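J.: Quick one: the structure is below, questions incoming.
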Amino acid sequence: MSIALSARVRPSRLWLVLQTAMGAVLLAVSWWLLRAAVAGGLPDALCYPLAIICATASFVLVTRALRPKTGLRIDVTRLGQIRLVETYPNAEAGFPRLSDAEGEVVQLGQGSTLWSSLMVLRLQPVSGSTITLILLPDSMRADAFHALSVACRWIAARQNHRDVPSTDLPHWLT
């Protein structure tokens with residue numbers, strides 16, 4: 001079975017909306033806590049620190065959501081090797097940065113989640129750190145999303161078969 005593919009990943013607009021909405025909810029909770037402290041409904045020692053924490057978390061979420069993001073290209077070889085290549089902010093342009101033209105070889109980690117409409121890929125490069133990619137269907141073309149999902153399931157099943165002498169899939173794939 002050949003699973004070779006190359007998928008261009010662009011920043012998800014849905015993920016941007018979700019992060020911004022969560023930031024708005026946290027800001028509303030912060031405002032509600034401040035009003036509750038002024039009205040005397042809750043103790044001041046509890047309201048003010050929680051309001052500051054919620055406002056700070058809101059600020060962090062919104063600024064992280066709005067900062068410029070680069071696109072990625074995920075290449076999967078027919079043997080199941082995964083390579084990440086960072087591209088310019090417009091991933092559709094398809095021009096890899098010259099310094100990253102080779103990309104980085106990674107392995108699919110144990111914490112990965114593969115659902116029909118969401119993939120959370122925990123990728124481990126040789127350096128030992130973990131790269132977490134949250135991929136939603138609007139991150140790439142529908143056929144590329146499906147093909148990447150199938151390829152990642154195949155790789156995970158192959159890793160599971162090699163690590164443990166069992167034909168069952170790992171619990172994180174179900």
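If you're wondering about the labels, chains in the structure tokens are A, B, ... by order shown, residues count from 1 in each chain, ligands from 1 in order shown.
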Could you list, as a JSON list (two decimals) with C-alpha atoms, in the first residue's frame, every residue within 6 Å of region 83-87 of chain A, counting only C-alpha atoms and ignoring same-chain residues fewer than 6 positions away?

T.:
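Once written, result.json looks like this:
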```
[["chain", "number", "residue", "atom", "x", "y", "z"],
["A", 71, "GLY", "CA", 1.94, 27.58, 6.44],
["A", 72, "LEU", "CA", 3.29, 24.07, 6.47],
["A", 73, "ARG", "CA", 3.74, 21.34, 3.99],
["A", 74, "ILE", "CA", 3.44, 17.83, 5.37],
["A", 75, "ASP", "CA", 5.13, 15.20, 3.21],
["A", 96, "PRO", "CA", 9.46, 26.87, 0.78],
["A", 97, "ARG", "CA", 11.91, 29.07, 2.62],
["A", 103, "GLY", "CA", 12.26, 20.28, 6.29],
["A", 104, "GLU", "CA", 12.35, 18.30, 9.50],
["A", 105, "VAL", "CA", 11.74, 14.57, 9.82],
["A", 106, "VAL", "CA", 9.29, 13.74, 12.61]]
```

J.: Which residues come within 12 Å of Val25 (chain A), counting only C-alpha atoms, excluding same-chain residues fewer than 2 positions away, as a list in words?

T.: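 Residues meeting the cut-off are Leu18, Gln19, Thr20, Ala21, Met22, Gly23, Leu27, Ala28, Val29, Ser30, Trp31, Trp32, Cys54, Ala55, Ala57, Ser58, Phe59, Leu61 and Val62 of chain A.
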
J.: Looking only at the backbone, which of the residues in region 1-114 of chain A does DSSP tag as strand (DSSP E), as a list in words?

T.: Leu5, Ser6, Ala7, Arg8, Val9, Leu72, Arg73, Ile74, Asp75, Val76, Ile82, Arg83, Leu84, Val85, Glu86, Glu104, Val105, Val106, Gln107, Leu108, Thr113 and Leu114 of chain A

J.: Output N, CA and C atoms for every residue in the selection just made, as a PDB file, in the first residue's frame.

T.:
```
ATOM      1  N   LEU A   5       2.107  11.198   0.141  1.00  0.00           N
ATOM      2  CA  LEU A   5       1.291  12.384  -0.114  1.00  0.00           C
ATOM      3  C   LEU A   5       2.056  13.619   0.298  1.00  0.00           C
ATOM      4  N   SER A   6       1.599  14.730  -0.212  1.00  0.00           N
ATOM      5  CA  SER A   6       2.115  16.031   0.177  1.00  0.00           C
ATOM      6  C   SER A   6       0.912  16.934   0.381  1.00  0.00           C
ATOM      7  N   ALA A   7       0.743  17.446   1.597  1.00  0.00           N
ATOM      8  CA  ALA A   7      -0.425  18.268   1.924  1.00  0.00           C
ATOM      9  C   ALA A   7       0.026  19.642   2.390  1.00  0.00           C
ATOM     10  N   ARG A   8      -0.556  20.665   1.819  1.00  0.00           N
ATOM     11  CA  ARG A   8      -0.285  22.038   2.221  1.00  0.00           C
ATOM     12  C   ARG A   8      -1.269  22.417   3.322  1.00  0.00           C
ATOM     13  N   VAL A   9      -0.729  22.842   4.461  1.00  0.00           N
ATOM     14  CA  VAL A   9      -1.543  23.214   5.616  1.00  0.00           C
ATOM     15  C   VAL A   9      -1.488  24.726   5.762  1.00  0.00           C
ATOM     16  N   LEU A  72       2.445  25.253   6.430  1.00  0.00           N
ATOM     17  CA  LEU A  72       3.291  24.073   6.472  1.00  0.00           C
ATOM     18  C   LEU A  72       3.003  23.190   5.281  1.00  0.00           C
ATOM     19  N   ARG A  73       3.960  22.416   4.931  1.00  0.00           N
ATOM     20  CA  ARG A  73       3.741  21.338   3.988  1.00  0.00           C
ATOM     21  C   ARG A  73       4.115  20.059   4.715  1.00  0.00           C
ATOM     22  N   ILE A  74       3.197  19.118   4.735  1.00  0.00           N
ATOM     23  CA  ILE A  74       3.443  17.828   5.366  1.00  0.00           C
ATOM     24  C   ILE A  74       3.645  16.818   4.252  1.00  0.00           C
ATOM     25  N   ASP A  75       4.818  16.234   4.203  1.00  0.00           N
ATOM     26  CA  ASP A  75       5.128  15.204   3.214  1.00  0.00           C
ATOM     27  C   ASP A  75       5.188  13.865   3.924  1.00  0.00           C
ATOM     28  N   VAL A  76       4.469  12.901   3.404  1.00  0.00           N
ATOM     29  CA  VAL A  76       4.514  11.538   3.929  1.00  0.00           C
ATOM     30  C   VAL A  76       5.027  10.657   2.805  1.00  0.00           C
ATOM     31  N   ILE A  82       7.421  11.003   7.934  1.00  0.00           N
ATOM     32  CA  ILE A  82       6.741  12.302   7.884  1.00  0.00           C
ATOM     33  C   ILE A  82       7.804  13.399   7.912  1.00  0.00           C
ATOM     34  N   ARG A  83       7.654  14.368   7.010  1.00  0.00           N
ATOM     35  CA  ARG A  83       8.568  15.505   6.946  1.00  0.00           C
ATOM     36  C   ARG A  83       7.726  16.785   6.960  1.00  0.00           C
ATOM     37  N   LEU A  84       8.111  17.729   7.839  1.00  0.00           N
ATOM     38  CA  LEU A  84       7.460  19.033   7.922  1.00  0.00           C
ATOM     39  C   LEU A  84       8.342  20.077   7.260  1.00  0.00           C
ATOM     40  N   VAL A  85       7.750  20.874   6.394  1.00  0.00           N
ATOM     41  CA  VAL A  85       8.465  21.961   5.739  1.00  0.00           C
ATOM     42  C   VAL A  85       7.653  23.224   5.959  1.00  0.00           C
ATOM     43  N   GLU A  86       8.281  24.239   6.566  1.00  0.00           N
ATOM     44  CA  GLU A  86       7.607  25.504   6.814  1.00  0.00           C
ATOM     45  C   GLU A  86       7.617  26.336   5.532  1.00  0.00           C
ATOM     46  N   GLU A 104      11.954  19.017   8.299  1.00  0.00           N
ATOM     47  CA  GLU A 104      12.345  18.298   9.503  1.00  0.00           C
ATOM     48  C   GLU A 104      11.598  16.977   9.547  1.00  0.00           C
ATOM     49  N   VAL A 105      12.333  15.899   9.740  1.00  0.00           N
ATOM     50  CA  VAL A 105      11.735  14.573   9.818  1.00  0.00           C
ATOM     51  C   VAL A 105      11.201  14.374  11.229  1.00  0.00           C
ATOM     52  N   VAL A 106       9.946  13.933  11.317  1.00  0.00           N
ATOM     53  CA  VAL A 106       9.292  13.736  12.608  1.00  0.00           C
ATOM     54  C   VAL A 106       8.622  12.374  12.644  1.00  0.00           C
ATOM     55  N   GLN A 107       8.295  11.933  13.856  1.00  0.00           N
ATOM     56  CA  GLN A 107       7.552  10.701  14.040  1.00  0.00           C
ATOM     57  C   GLN A 107       6.230  11.021  14.710  1.00  0.00           C
ATOM     58  N   LEU A 108       5.204  10.263  14.384  1.00  0.00           N
ATOM     59  CA  LEU A 108       3.891  10.426  14.986  1.00  0.00           C
ATOM     60  C   LEU A 108       3.949   9.925  16.417  1.00  0.00           C
ATOM     61  N   THR A 113      -4.426  12.457  18.112  1.00  0.00           N
ATOM     62  CA  THR A 113      -5.855  12.169  18.017  1.00  0.00           C
ATOM     63  C   THR A 113      -6.252  12.285  16.558  1.00  0.00           C
ATOM     64  N   LEU A 114      -6.903  11.256  16.046  1.00  0.00           N
ATOM     65  CA  LEU A 114      -7.288  11.234  14.638  1.00  0.00           C
ATOM     66  C   LEU A 114      -8.797  10.979  14.546  1.00  0.00           C
TER      67      LEU A 114
END
```

J.: Expressed in Å to a single decimal, how great is the separation between CA of Ser112 (chain A) and CA of Ser139 (chain A)?

T.: 17.1 Å

J.: Using DSSP on the backbone coordinates, identify the residues of chain A assigned to helix (DSSP H, G or I); present them as a PyMOL selection string.

T.: chain A and resi 13-39+44-66+91-93+98-100+137-139+142-163+171-173

J.: Residues of the last selection are to be written out with C-alpha atoms, as an mmCIF file, in the first residue's frame.

T.:
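File produced: selection_13.cif:
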```cif
data_model
loop_
_atom_site.group_PDB
_atom_site.id
_atom_site.type_symbol
_atom_site.label_atom_id
_atom_site.label_comp_id
_atom_site.auth_asym_id
_atom_site.auth_seq_id
_atom_site.Cartn_x
_atom_site.Cartn_y
_atom_site.Cartn_z
ATOM 1 C CA ARG A 13 -9.932 30.252 10.147
ATOM 2 C CA LEU A 14 -12.203 28.168 12.348
ATOM 3 C CA TRP A 15 -9.428 27.822 14.941
ATOM 4 C CA LEU A 16 -8.910 31.609 14.791
ATOM 5 C CA VAL A 17 -12.643 32.185 15.409
ATOM 6 C CA LEU A 18 -12.684 29.678 18.288
ATOM 7 C CA GLN A 19 -9.672 31.281 19.978
ATOM 8 C CA THR A 20 -11.114 34.777 19.561
ATOM 9 C CA ALA A 21 -14.508 33.645 20.896
ATOM 10 C CA MET A 22 -12.868 32.069 23.938
ATOM 11 C CA GLY A 23 -10.969 35.305 24.515
ATOM 12 C CA ALA A 24 -14.259 37.224 24.373
ATOM 13 C CA VAL A 25 -15.851 34.807 26.865
ATOM 14 C CA LEU A 26 -12.921 35.240 29.260
ATOM 15 C CA LEU A 27 -13.149 39.011 28.946
ATOM 16 C CA ALA A 28 -16.899 38.864 29.682
ATOM 17 C CA VAL A 29 -16.237 36.705 32.761
ATOM 18 C CA SER A 30 -13.623 39.205 33.900
ATOM 19 C CA TRP A 31 -16.108 42.059 33.520
ATOM 20 C CA TRP A 32 -18.798 40.046 35.360
ATOM 21 C CA LEU A 33 -16.402 39.339 38.242
ATOM 22 C CA LEU A 34 -15.564 43.032 38.563
ATOM 23 C CA ARG A 35 -19.270 43.914 38.643
ATOM 24 C CA ALA A 36 -19.908 41.209 41.250
ATOM 25 C CA ALA A 37 -17.112 42.621 43.410
ATOM 26 C CA VAL A 38 -18.511 46.158 43.162
ATOM 27 C CA ALA A 39 -22.068 44.966 43.919
ATOM 28 C CA ASP A 44 -13.202 41.183 46.779
ATOM 29 C CA ALA A 45 -10.251 38.939 47.621
ATOM 30 C CA LEU A 46 -11.618 36.371 45.183
ATOM 31 C CA CYS A 47 -13.071 38.568 42.423
ATOM 32 C CA TYR A 48 -10.170 40.885 41.646
ATOM 33 C CA PRO A 49 -7.468 38.207 41.210
ATOM 34 C CA LEU A 50 -9.814 36.036 39.138
ATOM 35 C CA ALA A 51 -10.802 39.017 36.990
ATOM 36 C CA ILE A 52 -7.136 39.823 36.348
ATOM 37 C CA ILE A 53 -6.389 36.187 35.471
ATOM 38 C CA CYS A 54 -9.351 36.022 33.058
ATOM 39 C CA ALA A 55 -8.451 39.339 31.409
ATOM 40 C CA THR A 56 -4.816 38.262 31.021
ATOM 41 C CA ALA A 57 -5.831 34.902 29.537
ATOM 42 C CA SER A 58 -8.176 36.724 27.154
ATOM 43 C CA PHE A 59 -5.387 39.042 26.030
ATOM 44 C CA VAL A 60 -2.992 36.125 25.474
ATOM 45 C CA LEU A 61 -5.554 34.122 23.475
ATOM 46 C CA VAL A 62 -6.500 37.017 21.217
ATOM 47 C CA THR A 63 -2.907 38.106 20.573
ATOM 48 C CA ARG A 64 -1.856 34.500 19.800
ATOM 49 C CA ALA A 65 -4.801 34.125 17.444
ATOM 50 C CA LEU A 66 -4.020 37.350 15.583
ATOM 51 C CA ALA A 91 0.857 28.295 2.110
ATOM 52 C CA GLU A 92 -0.829 28.166 -1.287
ATOM 53 C CA ALA A 93 2.115 30.015 -2.834
ATOM 54 C CA LEU A 98 15.409 28.404 1.403
ATOM 55 C CA SER A 99 16.684 27.684 4.914
ATOM 56 C CA ASP A 100 13.918 25.130 5.520
ATOM 57 C CA PRO A 137 -10.910 20.484 7.785
ATOM 58 C CA ASP A 138 -10.516 24.124 6.712
ATOM 59 C CA SER A 139 -6.730 23.854 7.175
ATOM 60 C CA ALA A 142 -10.861 18.071 1.816
ATOM 61 C CA ASP A 143 -9.148 15.316 -0.160
ATOM 62 C CA ALA A 144 -5.772 16.166 1.396
ATOM 63 C CA PHE A 145 -7.325 16.142 4.898
ATOM 64 C CA HIS A 146 -8.791 12.689 4.305
ATOM 65 C CA ALA A 147 -5.582 11.355 2.745
ATOM 66 C CA LEU A 148 -3.480 12.678 5.645
ATOM 67 C CA SER A 149 -5.888 11.125 8.142
ATOM 68 C CA VAL A 150 -5.647 7.743 6.414
ATOM 69 C CA ALA A 151 -1.856 7.996 6.220
ATOM 70 C CA CYS A 152 -1.538 8.880 9.904
ATOM 71 C CA ARG A 153 -3.809 5.968 10.880
ATOM 72 C CA TRP A 154 -1.676 3.627 8.761
ATOM 73 C CA ILE A 155 1.528 4.927 10.347
ATOM 74 C CA ALA A 156 0.080 4.603 13.851
ATOM 75 C CA ALA A 157 -1.137 1.071 13.210
ATOM 76 C CA ARG A 158 2.275 0.137 11.804
ATOM 77 C CA GLN A 159 4.059 1.666 14.818
ATOM 78 C CA ASN A 160 1.704 -0.165 17.168
ATOM 79 C CA HIS A 161 2.285 -3.452 15.366
ATOM 80 C CA ARG A 162 6.053 -2.981 15.544
ATOM 81 C CA ASP A 163 6.079 -1.912 19.233
ATOM 82 C CA HIS A 171 -6.665 3.445 22.325
ATOM 83 C CA TRP A 172 -5.799 6.941 21.062
ATOM 84 C CA LEU A 173 -6.905 6.008 17.518
#
```

J.: Separation of CA of Ser129 (chain A) and CA of Gly111 (chain A), in Å?

T.: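 Here the two named atoms are 13.4 Å from each other.
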
J.: Out of A:Gln81, A:Pro68, A:Arg141, A:Arg10, which residue has the shortest atom-to-atom distance to Pro125 (chain A) when counting only C-alpha atoms?

T.: A:Gln81

J.: Rounded to one decimal in Å, what is the spacing between CA of Gln110 (chain A) and CA of Arg122 (chain A)?

T.: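 Going from CA of Gln110 (chain A) over to CA of Arg122 (chain A), I get 7.2 Å.
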
J.: Might you pull out every residue within 8 Å of Thr132 (chain A), with only C-alpha atoms counted and same-chain residues fewer than 2 positions away left off, and present them as a PyMOL selection string?

T.: chain A and resi 120-123+130+134
